[in-house]
Each structure stands twice: as structure tokens, then as C-alpha cells.
Amino acid sequence: MSIPSTLKTRVAVTALALLGASFVGCIYEVGVPADGSKPFAELNPIEGMHNQTSYKDQEAQPVFRDDQAPGMRLPPPKTVPVDGFLRPDQPTPAQSALLENPVPVNAQSLEYGRFLFRTNCVVCHGTEGAGNGPIVESGAYGAPPSLLTDKLRGYEDGRIYHVVTYGQGAMWAYKNNLTEMERWAVINYVRALQRADFPEPIDLDRLRDQ
């Protein structure tokens with residue numbers, strides 16, 4: 001006995017309708033707001049996204065290996081803030097200008113400062129500090145200010161230390177690349193570069209005595 005094609009069609013349509021109703025029933029959500037207002041009903045096809053777990057800023061989260069709260073996490077090492085604001089533990093340039101260089105100026109510190117300068121600074125500032133390093137001459141990067149200008153020669157050691165430590169303008173911070181003593185040694189060498197082009201009276205007196 002054969003089944004009429006029209007009956008087959010009706011059965012198929014009915015089955016699809018029941019299947020669709022079952023699916024809609026599974027994803028159709030009915031609830032009552034916490035404030036007791038009018039109940040709601042909404043289509044919610046992605047249940048997990050709608051009812052996902054929420055965490056407060058200072059609440060631990062298992063997504064991190066140490067379960068630390070996102071609002072309490074420190075920034076990754078060597079990252080630079082993009083907002084440009086001073087951090088609570090960062091002194092102002094004027095405050096840093098009051099610092100005194102604890103590294104004595106002698107042959108050893110100047111040689112070490114020269115090594116550090118040529119390792120970290122020459123690429124932009126050039127071997128003589130004139131702001132014509134290899135990356136500048138290649139055209140890939142803008143020229144930094146010359147370290148030999150009246151303005152830079154007038155900076156206190158502590159003011160230069162602030163720039164090296166925290167960065168300024170396009171120059172990034174070197175506090176994670178150089179230790180405190182290394183930064184001061186670099187400053188001693190920068191002073192030597194400046195005095196090579198602009199000798200002070202004591203330097204001229206020493207030349208006359210030789």
C-alpha cells in the first residue's frame with residue numbers, strides 16, 4: 001500500500017514544525033526581573049553569552065594562573081604607559097634635578113659609561129652625541145635633540161637622569177635596561193662628550209699645564 005504524496009508532505013511539514021517549536025522552546029527565555037517588575041520573555045540563542053559569569057575588579061579570576069584580580073594586576077615588565085601621566089612613584093623632572101650623581105668621575109666610570117653609551121644610546125644619539133645615529137641617518141627614525149646644545153649642557157645631572165630613567169618624548173625609559181649606577185655612569189660620559197666640544201676653564205688650565 002503506497003502513501004499519497006500529499007500525506008507525506010503533511011507529515012514532513014508537521015515534523016519540521018514540531019522540531020522548530022522544540023528548538024524555540026529551548027532557547028526562549030522567560031524570567032522575572034530582580035526588582036519585581038513585569039516578567040519578560042526573550043529569544044536567547046546563545047545561552048552561555050547571555051548568562052556568563054561576571055567578576056568585580058578586585059575579585060580573583062581563575063582565568064589567570066595566579067587567580068589574581070584583573071584590577072590588582074601589575075603591568076607586564078618593560079611596558080610603557082600610553083596615557084602619558086606620571087605614576088604615583090615617579091618623581092617630577094624638577095624633583096629629579098635635585099639628585100646628585102653618586103658615581104665619581106674617573107677613568108673607570110668614564111670607560112664604563114662609554115661602553116654603555118655605545119651599547120644603548122649611539123643608535124639614535126650618534127657616537128659624539130650630536131643626534132645623528134645610524135637609525136637617524138637611515139631615515140627610519142627622527143633625530144633626537146643633540147646632547148651638545150646649550151639647553152642640554154645646562155641640565156643638571158639629575159635632570160638628565162630623569163630622562164634616561166623615565167623617557168621623554170619619543171625616547172623610551174631605560175630604567176629596566178640600565179641599573180641606577182649604570183645610568184649615572186652614562187651621564188658622566190655624556191658630560192665628557194659635552195666638555196670635549198665645549199671645554200670649561202679648568203679643562204683649558206689642565207691643557208696649559210701639560
# chains A, B, ... in the order shown; residues from 1 in each chain; ligands from 1
>>> residues_around(residues="A:Tyr155", least_positions_apart="3", cutoff="12 Å", atoms="only C-alpha atoms", output="list of chain:residue names")
A:Pro93, A:Ala94, A:Ser96, A:Ala97, A:Leu98, A:Leu99, A:Leu147, A:Leu148, A:Thr149, A:Asp150, A:Lys151, A:Leu152, A:Gly158, A:Arg159, A:Ile160, A:Tyr161, A:His162, A:Val163, A:Ile187, A:Val190, A:Arg191, A:Gln194
